[in-house]
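*Asks:* Following this line is upload_24.cif, made up of mmCIF, C-alpha atoms and all ligand atoms:
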```
data_final
#
loop_
_atom_site.group_PDB
_atom_site.id
_atom_site.type_symbol
_atom_site.label_atom_id
_atom_site.label_comp_id
_atom_site.auth_asym_id
_atom_site.auth_seq_id
_atom_site.Cartn_x
_atom_site.Cartn_y
_atom_site.Cartn_z
ATOM 1 C CA MET A 1 34.683 -84.849 105.742
ATOM 2 C CA ILE A 2 31.040 -84.307 104.880
ATOM 3 C CA GLU A 3 30.304 -85.046 101.254
ATOM 4 C CA ILE A 4 27.433 -83.244 99.600
ATOM 5 C CA VAL A 5 26.301 -84.475 96.213
ATOM 6 C CA ILE A 6 25.708 -81.591 93.827
ATOM 7 C CA PRO A 7 22.037 -81.964 92.917
ATOM 8 C CA SER A 8 20.798 -81.934 89.340
ATOM 9 C CA THR A 9 18.573 -78.981 90.161
ATOM 10 C CA LEU A 10 19.534 -76.144 92.426
ATOM 11 C CA ARG A 11 17.440 -73.205 93.619
ATOM 12 C CA ILE A 12 19.332 -69.915 93.531
ATOM 13 C CA GLY A 13 17.492 -66.706 94.328
ATOM 14 C CA GLY A 14 14.110 -68.261 93.690
ATOM 15 C CA LYS A 15 15.121 -69.682 90.309
ATOM 16 C CA ASP A 16 15.444 -73.404 89.667
ATOM 17 C CA TYR A 17 18.746 -74.037 87.935
ATOM 18 C CA THR A 18 19.624 -77.251 86.159
ATOM 19 C CA VAL A 19 23.126 -78.540 86.842
ATOM 20 C CA GLU A 20 24.499 -80.601 83.998
ATOM 21 C CA ARG A 21 27.749 -82.187 82.890
ATOM 22 C CA ASN A 22 28.262 -82.152 79.162
ATOM 23 C CA SER A 23 30.838 -82.745 76.464
ATOM 24 C CA VAL A 24 29.872 -79.821 74.234
ATOM 25 C CA LEU A 25 31.732 -77.301 76.390
ATOM 26 C CA ALA A 26 35.127 -78.897 75.802
ATOM 27 C CA ILE A 27 34.606 -78.667 72.036
ATOM 28 C CA ARG A 28 34.039 -74.950 72.510
ATOM 29 C CA GLY A 29 37.099 -74.674 74.768
ATOM 30 C CA LEU A 30 35.058 -74.009 77.906
ATOM 31 C CA GLU A 31 35.081 -75.731 81.281
ATOM 32 C CA GLY A 32 31.801 -74.301 82.458
ATOM 33 C CA GLU A 33 28.989 -72.030 81.448
ATOM 34 C CA HIS A 34 26.215 -70.151 83.199
ATOM 35 C CA ILE A 35 23.197 -69.593 80.974
ATOM 36 C CA SER A 36 20.964 -67.270 82.961
ATOM 37 C CA SER A 37 18.163 -67.127 80.382
ATOM 38 C CA GLN A 38 17.772 -70.915 80.606
ATOM 39 C CA CYS A 39 18.728 -71.257 84.291
ATOM 40 C CA ARG A 40 21.461 -73.756 83.429
ATOM 41 C CA LEU A 41 24.842 -74.366 85.072
ATOM 42 C CA CYS A 42 26.947 -76.496 82.739
ATOM 43 C CA ILE A 43 30.201 -78.182 83.698
ATOM 44 C CA THR A 44 32.462 -80.072 81.324
ATOM 45 C CA ASP A 45 32.501 -83.842 81.635
ATOM 46 C CA LYS A 46 36.042 -84.017 80.322
ATOM 47 C CA GLU A 47 37.757 -86.691 82.364
ATOM 48 C CA ASP A 48 41.280 -85.324 82.169
ATOM 49 C CA ARG A 49 40.357 -82.377 84.381
ATOM 50 C CA HIS A 50 41.279 -82.634 88.059
ATOM 51 C CA ILE A 51 38.138 -83.068 90.131
ATOM 52 C CA ASP A 52 39.005 -80.070 92.351
ATOM 53 C CA ASP A 53 39.193 -77.934 89.219
ATOM 54 C CA LEU A 54 35.708 -79.094 88.285
ATOM 55 C CA ARG A 55 34.420 -78.275 91.768
ATOM 56 C CA ALA A 56 35.905 -74.791 91.389
ATOM 57 C CA THR A 57 34.300 -74.525 87.942
ATOM 58 C CA PHE A 58 30.931 -75.491 89.419
ATOM 59 C CA LEU A 59 31.296 -72.835 92.135
ATOM 60 C CA HIS A 60 32.430 -70.341 89.484
ATOM 61 C CA GLU A 61 29.157 -70.825 87.623
ATOM 62 C CA VAL A 62 27.190 -70.610 90.882
ATOM 63 C CA VAL A 63 28.902 -67.283 91.628
ATOM 64 C CA HIS A 64 27.869 -66.025 88.174
ATOM 65 C CA ALA A 65 24.274 -66.990 88.978
ATOM 66 C CA ILE A 66 24.397 -65.286 92.390
ATOM 67 C CA ASP A 67 26.018 -62.212 90.838
ATOM 68 C CA GLY A 68 23.299 -62.032 88.210
ATOM 69 C CA ILE A 69 20.471 -62.336 90.701
ATOM 70 C CA TYR A 70 21.738 -60.490 93.764
ATOM 71 C CA CYS A 71 24.505 -58.164 92.590
ATOM 72 C CA GLY A 72 23.238 -56.313 89.579
ATOM 73 C CA GLY A 73 23.932 -58.829 86.843
ATOM 74 C CA CYS A 74 24.735 -57.667 83.329
ATOM 75 C CA ASP A 75 24.920 -53.953 84.066
ATOM 76 C CA ASP A 76 27.425 -54.423 86.869
ATOM 77 C CA ALA A 77 28.745 -57.960 86.444
ATOM 78 C CA MET A 78 31.753 -59.220 88.372
ATOM 79 C CA THR A 79 34.877 -59.670 86.270
ATOM 80 C CA GLU A 80 36.029 -63.207 85.475
ATOM 81 C CA VAL A 81 39.033 -62.638 87.761
ATOM 82 C CA LYS A 82 36.743 -61.778 90.672
ATOM 83 C CA VAL A 83 34.422 -64.680 89.941
ATOM 84 C CA ASN A 84 37.427 -67.027 89.884
ATOM 85 C CA GLY A 85 38.695 -65.612 93.171
ATOM 86 C CA MET A 86 35.290 -65.926 94.810
ATOM 87 C CA ALA A 87 34.895 -69.520 93.599
ATOM 88 C CA GLU A 88 38.339 -70.517 94.856
ATOM 89 C CA GLY A 89 37.681 -68.776 98.186
ATOM 90 C CA LEU A 90 34.369 -70.587 98.598
ATOM 91 C CA LEU A 91 36.025 -73.915 97.769
ATOM 92 C CA GLN A 92 38.682 -73.341 100.439
ATOM 93 C CA PHE A 93 36.045 -72.145 102.924
ATOM 94 C CA LEU A 94 33.983 -75.303 102.403
ATOM 95 C CA LYS A 95 37.135 -77.415 102.857
ATOM 96 C CA GLU A 96 37.857 -75.648 106.138
ATOM 97 C CA LEU A 97 34.342 -76.537 107.272
ATOM 98 C CA GLY A 98 34.985 -80.147 106.311
ATOM 99 C CA ILE A 99 32.566 -80.066 103.396
ATOM 100 C CA ARG A 100 33.368 -81.535 100.006
ATOM 101 C CA LEU A 101 31.091 -81.127 97.028
ATOM 102 C CA ILE A 102 30.940 -84.198 94.847
ATOM 103 C CA PHE A 103 29.418 -84.796 91.453
ATOM 104 C CA GLU A 104 26.872 -87.548 90.973
ATOM 105 C CA GLY A 105 28.714 -90.767 90.249
ATOM 106 C CA GLU A 106 31.994 -89.476 91.669
ATOM 107 C CA GLU A 107 33.645 -91.920 94.066
HETATM 108 ZN ZN ZN B 1 32.965 -67.117 84.194
#
```
I'd like the structure from this file rewritten - as structure tokens, please.

*Replies:*
Amino acid sequence: MIEIVIPSTLRIGGKDYTVERNSVLAIRGLEGEHISSQCRLCITDKEDRHIDDLRATFLHEVVHAIDGIYCGGCDDAMTEVKVNGMAEGLLQFLKELGIRLIFEGEE
């Protein structure tokens, strides 16, 4: 299995996104958030979440970013159901390739 550490900055469609784990999301009942105006991908740091769920959440927010840049964004945004499906599909696809995304500090 090839492990790729999710970097703290990520270039998507020519924009430099910041990837961050934070505790504020859980307070708001969210697991992840894509803030296009600030180029931020936020993932909860809640420790009771299964790590595969967090990987899927990270990919979910990446899909939102890709959708916004390459697929029309706000005027024709993918539904949450489609974004979830795409994120899960990408996670499985990466697994099939023997690639596992890991968060910084994850063992
Ligand atoms: Zn979403």

*Asks:* Can you translate the PyMOL selection byres (((chain A and resi 18) around 10) and not hetatm) into the concrete residues it hits in this file, as a list in words?

*Replies:*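 Checking the PyMOL selection byres (((chain A and resi 18) around 10) and not hetatm) against this file, the residues are Pro7, Ser8, Thr9, Leu10, Arg11, Lys15, Asp16, Tyr17, Val19, Glu20, Ile35, Gln38, Cys39, Arg40, Leu41 and Cys42 of chain A.
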
*Asks:* Using the selection just defined, write its residues with C-alpha atoms as a PDB file, keeping the file's coordinate frame.

*Replies:*
```
ATOM      1  CA  PRO A   7      22.037 -81.964  92.917  1.00  0.00           C
ATOM      2  CA  SER A   8      20.798 -81.934  89.340  1.00  0.00           C
ATOM      3  CA  THR A   9      18.573 -78.981  90.161  1.00  0.00           C
ATOM      4  CA  LEU A  10      19.534 -76.144  92.426  1.00  0.00           C
ATOM      5  CA  ARG A  11      17.440 -73.205  93.619  1.00  0.00           C
ATOM      6  CA  LYS A  15      15.121 -69.682  90.309  1.00  0.00           C
ATOM      7  CA  ASP A  16      15.444 -73.404  89.667  1.00  0.00           C
ATOM      8  CA  TYR A  17      18.746 -74.037  87.935  1.00  0.00           C
ATOM      9  CA  VAL A  19      23.126 -78.540  86.842  1.00  0.00           C
ATOM     10  CA  GLU A  20      24.499 -80.601  83.998  1.00  0.00           C
ATOM     11  CA  ILE A  35      23.197 -69.593  80.974  1.00  0.00           C
ATOM     12  CA  GLN A  38      17.772 -70.915  80.606  1.00  0.00           C
ATOM     13  CA  CYS A  39      18.728 -71.257  84.291  1.00  0.00           C
ATOM     14  CA  ARG A  40      21.461 -73.756  83.429  1.00  0.00           C
ATOM     15  CA  LEU A  41      24.842 -74.366  85.072  1.00  0.00           C
ATOM     16  CA  CYS A  42      26.947 -76.496  82.739  1.00  0.00           C
TER      17      CYS A  42
END
```

*Asks:* Would you name the residues within 10 Å of ligand ZN 1 (chain B), counting only C-alpha atoms and all ligand atoms, and put them as a VMD selection string?

*Replies:* chain A and resid 30 to 34 57 59 to 65 78 to 84 87

*Asks:* Which one of A:Ile27, A:Leu101, A:Cys74, A:Met86 sits closest to Arg55 (chain A) if you count only C-alpha atoms?

*Replies:* A:Leu101

*Asks:* Please measure the separation of CA of Glu104 (chain A) and CA of Glu3 (chain A), giving the value in Å to one decimal.

*Replies:* 11.1 Å

*Asks:* Once the PyMOL selection byres (((chain A and resi 54) around 10) and not hetatm) is applied to the coordinates I shared, what remains selected? I want it as a PDB file with C-alpha atoms, in the coordinates of the input.

*Replies:*
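The new file part.pdb reads:
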```pdb
ATOM      1  CA  GLU A  31      35.081 -75.731  81.281  1.00  0.00           C
ATOM      2  CA  GLY A  32      31.801 -74.301  82.458  1.00  0.00           C
ATOM      3  CA  ILE A  43      30.201 -78.182  83.698  1.00  0.00           C
ATOM      4  CA  THR A  44      32.462 -80.072  81.324  1.00  0.00           C
ATOM      5  CA  ASP A  45      32.501 -83.842  81.635  1.00  0.00           C
ATOM      6  CA  LYS A  46      36.042 -84.017  80.322  1.00  0.00           C
ATOM      7  CA  GLU A  47      37.757 -86.691  82.364  1.00  0.00           C
ATOM      8  CA  ARG A  49      40.357 -82.377  84.381  1.00  0.00           C
ATOM      9  CA  HIS A  50      41.279 -82.634  88.059  1.00  0.00           C
ATOM     10  CA  ILE A  51      38.138 -83.068  90.131  1.00  0.00           C
ATOM     11  CA  ASP A  52      39.005 -80.070  92.351  1.00  0.00           C
ATOM     12  CA  ASP A  53      39.193 -77.934  89.219  1.00  0.00           C
ATOM     13  CA  ARG A  55      34.420 -78.275  91.768  1.00  0.00           C
ATOM     14  CA  ALA A  56      35.905 -74.791  91.389  1.00  0.00           C
ATOM     15  CA  THR A  57      34.300 -74.525  87.942  1.00  0.00           C
ATOM     16  CA  PHE A  58      30.931 -75.491  89.419  1.00  0.00           C
ATOM     17  CA  LEU A  59      31.296 -72.835  92.135  1.00  0.00           C
ATOM     18  CA  HIS A  60      32.430 -70.341  89.484  1.00  0.00           C
ATOM     19  CA  ILE A 102      30.940 -84.198  94.847  1.00  0.00           C
ATOM     20  CA  PHE A 103      29.418 -84.796  91.453  1.00  0.00           C
TER      21      PHE A 103
END
```

*Asks:* Calculate, to one decimal in Å, the centre and edge lengths of the box along x, y and z of the file that holds all listed atoms of region 51-60 of chain A with 4 Å of margin on each side, and present them as AutoDock Vina command-line options.

*Replies:*
```
--center_x 35.1 --center_y -76.7 --center_z 90.1 --size_x 16.3 --size_y 20.7 --size_z 12.4
```

*Asks:* State, in Å with one decimal place, the distance from CA of Ser36 (chain A) to CA of Gly68 (chain A).

*Replies:*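 Taking CA of Ser36 (chain A) as the start and CA of Gly68 (chain A) as the end point, the length is 7.8 Å.
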
*Asks:* One number please: CA of Ala26 (chain A) to CA of Ile69 (chain A), in Å, one decimal.

*Replies:*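 For CA of Ala26 (chain A) relative to CA of Ile69 (chain A), the distance reads 26.7 Å.
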
*Asks:* Using all atoms listed in the file, which residue out of A:Val24, A:Ile2, A:Ile66, A:Cys71 lies closest to Gly98 (chain A)?

*Replies:* A:Ile2

*Asks:* Dump as a list in words all residues having an atom at most 10 Å from (30.9, -79.7, 102.0), computed in the file's coordinates with only C-alpha atoms.

*Replies:*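 Applying the cut-off with only C-alpha atoms, one gets Met1, Ile2, Glu3, Ile4, Val5, Ile6, Leu91, Phe93, Leu94, Lys95, Glu96, Leu97, Gly98, Ile99, Arg100, Leu101 and Ile102 of chain A.
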
*Asks:* Take the selection from the previous step and output its residues with C-alpha atoms, as a short mmCIF file (atom, residue, chain, number, x, y, z; two decimals), in the frame of the given file.

*Replies:*
```cif
data_model
loop_
_atom_site.label_atom_id
_atom_site.label_comp_id
_atom_site.auth_asym_id
_atom_site.auth_seq_id
_atom_site.Cartn_x
_atom_site.Cartn_y
_atom_site.Cartn_z
CA MET A 1 34.68 -84.85 105.74
CA ILE A 2 31.04 -84.31 104.88
CA GLU A 3 30.30 -85.05 101.25
CA ILE A 4 27.43 -83.24 99.60
CA VAL A 5 26.30 -84.48 96.21
CA ILE A 6 25.71 -81.59 93.83
CA LEU A 91 36.02 -73.92 97.77
CA PHE A 93 36.04 -72.14 102.92
CA LEU A 94 33.98 -75.30 102.40
CA LYS A 95 37.14 -77.42 102.86
CA GLU A 96 37.86 -75.65 106.14
CA LEU A 97 34.34 -76.54 107.27
CA GLY A 98 34.98 -80.15 106.31
CA ILE A 99 32.57 -80.07 103.40
CA ARG A 100 33.37 -81.54 100.01
CA LEU A 101 31.09 -81.13 97.03
CA ILE A 102 30.94 -84.20 94.85
#
```
